[in-house]
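File shown: upload_7.txt. Contents: compact mmCIF, C-alpha atoms.
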# COMPACT_ATOMS: atom_id res chain seq x y z
CA LEU R 256 27.10 135.56 179.44
CA SER R 257 28.36 132.68 181.55
CA GLY R 258 27.28 134.24 184.85
CA SER R 259 29.43 134.47 187.94
CA GLY R 260 29.31 130.75 188.64
CA SER R 261 25.97 129.00 188.98
CA ALA R 262 23.77 127.86 186.14
CA SER R 263 20.82 129.85 187.52
CA ASN R 264 22.84 133.05 187.33
CA ALA R 265 23.83 132.18 183.76
CA ASP R 266 20.13 131.82 182.89
CA GLN R 267 19.48 135.29 184.29
CA MET R 268 22.32 136.69 182.22
CA ILE R 269 21.08 135.11 178.99
CA THR R 270 17.60 136.52 179.66
CA LYS R 271 19.13 139.96 180.00
CA ALA R 272 21.26 139.44 176.88
CA LEU R 273 18.21 138.39 174.85
CA SER R 274 16.32 141.49 175.91
CA ILE R 275 19.26 143.63 174.77
CA SER R 276 19.44 141.74 171.48
CA ASP R 277 15.78 142.68 170.91
CA VAL R 278 16.88 146.31 170.72
CA ILE R 279 19.59 145.40 168.20
CA CYS R 280 17.12 143.42 166.06
CA ASP R 281 14.67 146.33 166.09
CA PHE R 282 17.54 148.54 164.98
CA PHE R 283 18.30 146.17 162.10
CA ALA R 284 14.64 146.05 161.08
CA GLY R 285 14.52 149.84 160.94
CA LEU R 286 17.70 150.05 158.91
CA LEU R 287 16.37 147.57 156.35
CA ALA R 288 13.79 150.18 155.39
CA ILE R 289 16.32 152.92 154.64
CA LEU R 290 19.68 151.30 153.79
CA HIS R 291 20.69 149.44 150.64
CA PRO R 292 20.56 145.63 151.03
CA SER R 293 24.30 145.37 150.31
CA GLN R 294 25.00 147.56 153.33
CA MET R 295 22.62 145.53 155.48
CA ARG R 296 24.29 142.32 154.37
CA THR R 297 27.66 143.66 155.56
CA LEU R 298 26.13 144.80 158.85
CA LEU R 299 24.37 141.49 159.57
CA LEU R 300 27.43 139.42 158.67
CA SER R 301 29.51 141.57 161.03
CA TYR R 302 26.99 141.01 163.84
CA PHE R 303 26.98 137.23 163.43
CA ASN R 304 30.76 137.14 162.99
CA ILE R 305 31.28 139.00 166.27
CA LEU R 306 29.12 136.43 168.04
CA GLN R 307 31.00 133.64 166.28
CA GLU R 308 34.33 135.04 167.49
CA CYS R 309 33.09 134.87 171.08
CA GLU R 310 32.24 131.21 170.57
CA SER R 311 35.49 130.42 168.75
CA GLN R 312 37.61 131.93 171.50
CA ASN R 313 35.90 129.76 174.07
CA GLU R 314 36.31 126.63 171.95
CA SER R 315 40.05 127.32 171.69
CA ASN R 316 40.22 127.30 175.49
CA ARG R 317 38.16 124.15 175.87
CA ASN R 318 41.10 122.02 176.96
CA ARG R 319 41.59 124.17 180.03
CA THR R 320 39.77 122.32 182.80
CA ILE R 321 39.14 125.38 184.94
CA ASN R 322 37.20 127.16 182.17
CA PHE R 323 35.50 124.18 180.55
CA HIS R 324 31.99 124.53 181.97
CA THR R 325 32.13 128.33 181.88
CA ASN R 326 33.07 128.26 178.19
CA LEU R 327 30.32 125.73 177.53
CA ARG R 328 27.73 128.07 179.02
CA VAL R 329 29.05 130.98 176.96
CA ASN R 330 28.80 128.94 173.76
CA LYS R 331 25.22 127.95 174.51
CA CYS R 332 24.30 131.57 175.28
CA VAL R 333 25.88 132.81 172.05
CA ARG R 334 23.93 130.26 170.02
CA GLN R 335 20.68 131.29 171.70
CA ILE R 336 21.34 134.94 170.87
CA LYS R 337 21.98 134.00 167.23
CA LEU R 338 18.76 132.00 167.03
CA HIS R 339 16.83 134.85 168.63
CA ALA R 340 18.10 137.17 165.89
CA VAL R 341 17.08 134.62 163.25
CA GLU R 342 13.57 134.48 164.71
CA ARG R 343 13.18 138.25 164.59
CA LEU R 344 14.59 138.68 161.08
CA ALA R 345 12.69 135.73 159.59
CA SER R 346 9.39 137.14 160.88
CA MET R 347 9.63 140.41 158.96
CA PRO R 348 6.73 140.92 156.50
CA ARG R 349 9.18 142.01 153.76
CA PHE R 350 11.46 139.00 154.19
CA LEU R 351 10.71 137.45 150.77
CA SER R 352 11.03 140.67 148.79
CA LEU R 353 14.34 141.49 150.49
CA ASN R 354 15.80 138.26 149.08
CA PHE R 355 15.09 139.20 145.45
CA PRO R 356 13.60 135.76 144.59
CA ILE R 357 14.34 134.74 141.01
CA LYS R 358 11.34 134.50 138.69
CA TYR R 359 11.33 131.13 136.92
CA THR R 360 9.70 131.46 133.51
CA GLY R 361 9.92 127.79 132.52
CA THR R 362 11.81 128.62 129.33
CA TYR R 363 15.42 127.64 128.71
CA PRO R 364 17.92 128.26 125.89
CA LYS R 365 17.04 126.12 122.90
CA TYR R 366 19.43 123.35 121.93
CA SER R 367 20.02 123.38 118.18
CA GLY R 368 22.87 120.90 117.85
CA GLU R 369 22.90 117.16 117.29
CA LYS R 370 21.40 115.09 120.10
CA SER R 371 23.89 113.38 122.41
CA THR R 372 23.86 109.65 123.15
CA TRP R 373 25.78 107.56 125.65
CA TYR R 374 28.51 106.81 123.07
CA SER R 375 28.49 110.15 121.22
CA GLN R 376 28.56 113.32 123.33
CA HIS R 377 28.13 116.78 121.82
CA HIS R 378 28.52 120.15 123.46
CA ASP R 379 26.76 123.21 122.11
CA VAL R 380 28.89 126.22 123.01
CA GLU R 381 26.14 128.68 122.11
CA SER R 382 23.64 127.16 124.50
CA GLY R 383 26.14 127.26 127.34
CA SER R 384 26.92 130.91 126.70
CA ASP R 385 23.21 131.78 126.51
CA LEU R 386 22.57 130.09 129.82
CA GLN R 387 25.50 131.90 131.39
CA SER R 388 24.25 135.24 130.10
CA MET R 389 20.85 134.55 131.64
CA MET R 390 22.45 133.93 135.03
CA ILE R 391 24.54 137.10 134.76
CA GLU R 392 21.38 139.10 134.16
CA ALA R 393 20.04 137.82 137.50
CA ASP R 394 23.16 138.88 139.42
CA ARG R 395 22.67 141.58 142.05
CA ASP R 396 24.57 143.23 144.87
CA PRO R 397 23.81 141.56 147.16
CA GLN R 398 22.91 138.46 145.20
CA CYS R 399 19.52 136.78 145.29
CA PHE R 400 18.60 134.95 148.52
CA TRP R 401 21.26 136.86 150.51
CA LEU R 402 19.22 137.17 153.71
CA SER R 403 17.77 133.67 153.66
CA GLU R 404 21.24 132.19 153.11
CA ILE R 405 22.68 134.09 156.08
CA LEU R 406 19.91 132.88 158.39
CA MET R 407 19.88 129.32 157.05
CA ASP R 408 23.67 129.05 157.39
CA GLU R 409 23.53 130.17 161.02
CA CYS R 410 20.75 127.74 161.93
CA PHE R 411 22.26 124.72 160.20
CA ASP R 412 25.73 125.51 161.58
CA ILE R 413 24.40 125.70 165.16
CA CYS R 414 22.42 122.50 164.72
CA GLN R 415 25.34 120.57 163.24
CA ARG R 416 27.87 121.66 165.88
CA SER R 417 25.45 120.95 168.72
CA CYS R 418 24.76 117.46 167.37
CA GLU R 419 28.48 116.84 166.85
CA ALA R 420 29.18 117.72 170.49
CA ILE R 421 26.54 115.23 171.66
CA ILE R 422 27.87 112.50 169.36
CA ILE R 423 31.49 113.06 170.45
CA GLU R 424 30.48 112.85 174.10
CA ALA R 425 28.49 109.65 173.50
CA GLN R 426 31.42 108.07 171.68
CA ALA R 427 33.81 109.05 174.49
CA GLN R 428 31.51 107.54 177.10
CA SER R 429 31.14 104.35 175.07
CA LYS R 430 34.89 104.05 174.52
CA ALA R 431 35.59 104.57 178.22
CA ALA R 432 32.99 101.96 179.17
CA ARG R 433 34.55 99.38 176.84
CA ARG R 434 37.96 99.95 178.43
CA GLY R 435 36.59 99.94 181.95
CA ARG R 436 37.58 103.52 182.57
CA LYS R 437 35.73 106.60 183.72
CA VAL R 438 35.60 109.85 181.77
CA ASP R 439 37.01 112.85 183.62
CA ASP R 440 34.02 114.70 185.11
CA GLN R 441 35.80 118.02 184.67
CA LEU R 442 35.99 117.54 180.89
CA SER R 443 32.76 115.65 180.23
CA LEU R 444 29.26 116.90 179.55
CA SER R 445 26.67 116.39 182.26
CA ARG R 446 23.15 115.22 181.52
CA SER R 447 21.87 118.79 181.81
CA ASP R 448 24.53 119.94 179.35
CA LEU R 449 23.52 117.28 176.86
CA LEU R 450 19.85 118.15 177.21
CA ARG R 451 20.61 121.82 176.68
CA LEU R 452 22.64 121.07 173.55
CA GLU R 453 19.85 118.88 172.20
CA SER R 454 17.37 121.66 172.94
CA ILE R 455 19.50 124.17 171.03
CA ALA R 456 19.85 121.77 168.08
CA TYR R 457 16.09 121.26 168.02
CA HIS R 458 15.48 125.01 168.33
CA SER R 459 17.76 125.74 165.38
CA ILE R 460 16.20 123.16 163.06
CA ILE R 461 12.73 124.38 164.09
CA CYS R 462 13.77 127.86 162.99
CA VAL R 463 14.70 126.44 159.60
CA TYR R 464 11.61 124.31 159.09
CA GLU R 465 8.87 126.38 160.75
CA LEU R 466 10.03 130.01 160.56
CA LEU R 467 11.96 130.07 157.30
CA ILE R 468 10.54 127.37 155.03
CA LYS R 469 7.02 126.54 156.20
CA ARG R 470 6.05 130.06 157.30
CA HIS R 471 6.83 131.60 153.93
CA ALA R 472 5.65 128.65 151.86
CA MET R 473 2.22 128.92 153.54
CA ASP R 474 2.00 132.72 153.38
CA SER R 475 -1.43 133.53 151.95
CA ARG R 476 0.10 136.24 149.75
CA PHE R 477 2.23 133.76 147.81
CA GLN R 478 0.06 130.75 147.01
CA SER R 479 0.17 130.83 143.22
CA ILE R 480 2.30 128.27 141.39
CA ALA R 481 4.74 130.94 140.25
CA CYS R 482 5.19 132.26 143.79
CA ASN R 483 5.57 128.77 145.27
CA THR R 484 8.37 128.08 142.80
CA ARG R 485 10.17 131.28 143.75
CA VAL R 486 9.85 130.55 147.48
CA ALA R 487 11.16 127.00 147.02
CA GLY R 488 14.08 128.25 144.95
CA MET R 489 15.04 130.60 147.76
CA PHE R 490 15.71 127.76 150.22
CA VAL R 491 16.52 124.61 148.26
CA GLY R 492 20.19 125.46 147.61
CA SER R 493 21.05 126.05 151.27
CA VAL R 494 19.15 122.97 152.46
CA LEU R 495 20.84 120.63 149.99
CA GLU R 496 24.28 122.05 150.71
CA HIS R 497 23.97 121.60 154.47
CA VAL R 498 22.44 118.14 154.19
CA VAL R 499 25.50 117.04 152.21
CA ASN R 500 27.91 118.73 154.63
CA ALA R 501 26.25 117.10 157.65
CA ALA R 502 25.87 113.65 156.07
CA SER R 503 28.19 111.98 158.59
CA VAL R 504 26.35 113.55 161.54
CA LEU R 505 22.92 112.62 160.19
CA ALA R 506 24.08 109.07 159.49
CA THR R 507 25.25 108.67 163.10
CA MET R 508 21.99 109.87 164.64
CA GLU R 509 19.06 107.55 165.31
CA GLY R 510 16.62 107.21 162.43
CA ASN R 511 13.66 108.56 164.41
CA HIS R 512 15.53 111.37 166.16
CA ARG R 513 13.40 114.53 166.03
CA VAL R 514 16.26 116.75 164.86
CA ARG R 515 17.16 114.34 162.08
CA CYS R 516 13.52 114.01 160.99
CA LEU R 517 13.00 117.77 160.78
CA TRP R 518 16.29 118.16 158.91
CA PHE R 519 15.09 115.79 156.19
CA LEU R 520 11.57 117.28 156.25
CA SER R 521 13.18 120.56 155.25
CA LEU R 522 13.95 118.94 151.90
The structure in this file should be written as structure tokens.
Amino acid sequence: LSGSGSASNADQMITKALSISDVICDFFAGLLAILHPSQMRTLLLSYFNILQECESQNESNRNRTINFHTNLRVNKCVRQIKLHAVERLASMPRFLSLNFPIKYTGTYPKYSGEKSTWYSQHHDVESGSDLQSMMIEADRDPQCFWLSEILMDECFDICQRSCEAIIIEAQAQSKAARRGRKVDDQLSLSRSDLLRLESIAYHSIICVYELLIKRHAMDSRFQSIACNTRVAGMFVGSVLEHVVNAASVLATMEGNHRVRCLWFLSL
């Protein structure tokens, strides 16, 4: 994936890798029609985990000067392959039905006990057990939103780690400038590296906002109020979780940064 040396050769290799990944994605799409979703969940997680292991191995060798830029190119290629898979899987016509979206009826267990106030709190055990039984009835194997959560996790993880790399490099450059020193060129990111990382971060958050959320929210087949509620429920948990996890990164970025804006638009 890193090529034999030059960046142009690495671009040729990633183009070839993406064409091969198309075959794998077509294979996955065909299997989704004949295999049980629990089996497909295991298969997709294995695919993404194998790619993650390639990236993790390179990150563990990052301190080695001789492999620094080679490892960086491999990491960027791996992330592009992941995002390409997300694009293909998120575009499937049966994407929403595969996630088993929960149907929200608008009714909840009735509370029959005494009302609680700020100085007198009451807990109705029956209501809690009823609510728990309702959630158990909705349990599946795999659970609801399994495919959307896999794809959302991959996109947000890529975006967060790409932004963190840019922020760390900016802080290192600023610290070196204050001390009147120069950052080692062999272990620092070049301008092209930073632009590529920013491009990957933007690509990943675009996949979340445009392909996963907006595409399915605007699907002409699901424009009733009931369907809109089910679509929103499929994504809101993952979005909120990753916003909280990336709070420090989002707080460090500029307020009008395009990646940060799209991240919050996803809410």
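The shell of residues at most 7 Å from range 473-485 of chain R, with only C-alpha atoms counted and near chain neighbours (fewer than 2 positions) removed, consists of Pro356, Ile357, Lys358, Tyr359, Lys469, Arg470, His471, Ala487, Gly488 and Met489 of chain R.
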Just C-alpha atoms for this one: save the residues we selected as a PDB file, in the coordinates of the input.
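Generated output (selection27.pdb):
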ATOM      1  CA  PRO R 356      13.600 135.760 144.590  1.00  0.00           C
ATOM      2  CA  ILE R 357      14.340 134.740 141.010  1.00  0.00           C
ATOM      3  CA  LYS R 358      11.340 134.500 138.690  1.00  0.00           C
ATOM      4  CA  TYR R 359      11.330 131.130 136.920  1.00  0.00           C
ATOM      5  CA  LYS R 469       7.020 126.540 156.200  1.00  0.00           C
ATOM      6  CA  ARG R 470       6.050 130.060 157.300  1.00  0.00           C
ATOM      7  CA  HIS R 471       6.830 131.600 153.930  1.00  0.00           C
ATOM      8  CA  ALA R 487      11.160 127.000 147.020  1.00  0.00           C
ATOM      9  CA  GLY R 488      14.080 128.250 144.950  1.00  0.00           C
ATOM     10  CA  MET R 489      15.040 130.600 147.760  1.00  0.00           C
TER      11      MET R 489
END
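In this comparison, which uses all atoms listed in the file, the residue of R:Leu351, R:Ile279, R:Ala425, R:Leu505 approaching Trp401 in chain R most closely is R:Leu351.
Straight-line separation from CA of Arg513 in chain R to CA of Ile455 in chain R: 12.5 Å.
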*Mind checking which residues fall within 12 Å of Ala284 in chain R, counting all atoms listed in the file, ignoring those fewer than 5 positions away in the same chain, and posting them as a list in words?*
Asp277, Val278, Ile279, Ile289, Leu290, Pro292, Met295, Leu298, Leu299, Ala340, Val341, Arg343, Leu344, Ala345, Ser346, Met347, Pro348, Arg349, Phe350 and Leu353 of chain R
Long-range neighbours of range 406-411 of chain R as a short mmCIF file (atom, residue, chain, number, x, y, z; two decimals) with C-alpha atoms, in the coordinates of the input, 7 Å cut-off, all atoms listed in the file, 5 positions minimum in chain:
data_model
loop_
_atom_site.label_atom_id
_atom_site.label_comp_id
_atom_site.auth_asym_id
_atom_site.auth_seq_id
_atom_site.Cartn_x
_atom_site.Cartn_y
_atom_site.Cartn_z
CA LEU R 338 18.76 132.00 167.03
CA VAL R 341 17.08 134.62 163.25
CA SER R 459 17.76 125.74 165.38
CA ILE R 460 16.20 123.16 163.06
CA VAL R 463 14.70 126.44 159.60
CA SER R 493 21.05 126.05 151.27
CA HIS R 497 23.97 121.60 154.47
#
If you count only C-alpha atoms, which residues fall within 10 Å of Cys332 in chain R, apart from same-chain ones fewer than 4 positions away, as a PDB file with C-alpha atoms, in the coordinates of the input?
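Dumped everything to out_25.pdb:
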ATOM      1  CA  LEU R 256      27.100 135.560 179.440  1.00  0.00           C
ATOM      2  CA  SER R 257      28.360 132.680 181.550  1.00  0.00           C
ATOM      3  CA  ALA R 265      23.830 132.180 183.760  1.00  0.00           C
ATOM      4  CA  ASP R 266      20.130 131.820 182.890  1.00  0.00           C
ATOM      5  CA  MET R 268      22.320 136.690 182.220  1.00  0.00           C
ATOM      6  CA  ILE R 269      21.080 135.110 178.990  1.00  0.00           C
ATOM      7  CA  THR R 270      17.600 136.520 179.660  1.00  0.00           C
ATOM      8  CA  ALA R 272      21.260 139.440 176.880  1.00  0.00           C
ATOM      9  CA  LEU R 273      18.210 138.390 174.850  1.00  0.00           C
ATOM     10  CA  LEU R 306      29.120 136.430 168.040  1.00  0.00           C
ATOM     11  CA  GLU R 310      32.240 131.210 170.570  1.00  0.00           C
ATOM     12  CA  ASN R 326      33.070 128.260 178.190  1.00  0.00           C
ATOM     13  CA  LEU R 327      30.320 125.730 177.530  1.00  0.00           C
ATOM     14  CA  ARG R 328      27.730 128.070 179.020  1.00  0.00           C
ATOM     15  CA  ILE R 336      21.340 134.940 170.870  1.00  0.00           C
ATOM     16  CA  LYS R 337      21.980 134.000 167.230  1.00  0.00           C
ATOM     17  CA  LEU R 338      18.760 132.000 167.030  1.00  0.00           C
ATOM     18  CA  ILE R 455      19.500 124.170 171.030  1.00  0.00           C
TER      19      ILE R 455
END
*Please write as a VMD selection string the list of polymer residues whose atoms come within 10 Å of (23.3, 115.1, 158.1), counting all atoms listed in the file and keeping to the coordinates of the file.*
chain R and resid 411 414 to 415 418 497 to 508 514 to 515 518 to 519
For the residues in that selection, give me C-alpha atoms as a PDB file, in the frame of the given file.
ATOM      1  CA  PHE R 411      22.260 124.720 160.200  1.00  0.00           C
ATOM      2  CA  CYS R 414      22.420 122.500 164.720  1.00  0.00           C
ATOM      3  CA  GLN R 415      25.340 120.570 163.240  1.00  0.00           C
ATOM      4  CA  CYS R 418      24.760 117.460 167.370  1.00  0.00           C
ATOM      5  CA  HIS R 497      23.970 121.600 154.470  1.00  0.00           C
ATOM      6  CA  VAL R 498      22.440 118.140 154.190  1.00  0.00           C
ATOM      7  CA  VAL R 499      25.500 117.040 152.210  1.00  0.00           C
ATOM      8  CA  ASN R 500      27.910 118.730 154.630  1.00  0.00           C
ATOM      9  CA  ALA R 501      26.250 117.100 157.650  1.00  0.00           C
ATOM     10  CA  ALA R 502      25.870 113.650 156.070  1.00  0.00           C
ATOM     11  CA  SER R 503      28.190 111.980 158.590  1.00  0.00           C
ATOM     12  CA  VAL R 504      26.350 113.550 161.540  1.00  0.00           C
ATOM     13  CA  LEU R 505      22.920 112.620 160.190  1.00  0.00           C
ATOM     14  CA  ALA R 506      24.080 109.070 159.490  1.00  0.00           C
ATOM     15  CA  THR R 507      25.250 108.670 163.100  1.00  0.00           C
ATOM     16  CA  MET R 508      21.990 109.870 164.640  1.00  0.00           C
ATOM     17  CA  VAL R 514      16.260 116.750 164.860  1.00  0.00           C
ATOM     18  CA  ARG R 515      17.160 114.340 162.080  1.00  0.00           C
ATOM     19  CA  TRP R 518      16.290 118.160 158.910  1.00  0.00           C
ATOM     20  CA  PHE R 519      15.090 115.790 156.190  1.00  0.00           C
TER      21      PHE R 519
END
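Between Cys309 in chain R and the candidates R:Ile468, R:Val333, R:Leu286, R:Ala431, the tightest atom-to-atom separation, counting only C-alpha atoms, involves R:Val333.
Distance check against His339 in chain R using all atoms listed in the file: of R:Gln307, R:Ser352, R:Ser403, R:Ser276, the minimum falls on R:Ser276.
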*Given only C-alpha atoms as the counted atoms, nearest of R:Gln312, R:Ser445, R:Ser417, R:Ser521 to Gln335 in chain R*: R:Ser417
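Proximity of R:Ile405, R:Leu467, R:Leu444, R:Leu300 to Glu342 in chain R, computed with only C-alpha atoms, is greatest for R:Leu467.
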With 6 Å on each side, where is the centre of the axis-aligned box around all listed atoms of range 484-494 of chain R, and how long are its edges in Å to one decimal, as AutoDock Vina command-line options?
--center_x 14.7 --center_y 127.1 --center_z 147.6 --size_x 24.7 --size_y 20.3 --size_z 21.7
_Atom pair CA of Cys280 in chain R / CA of Val486 in chain R: separation (Å)_ = 23.7 Å
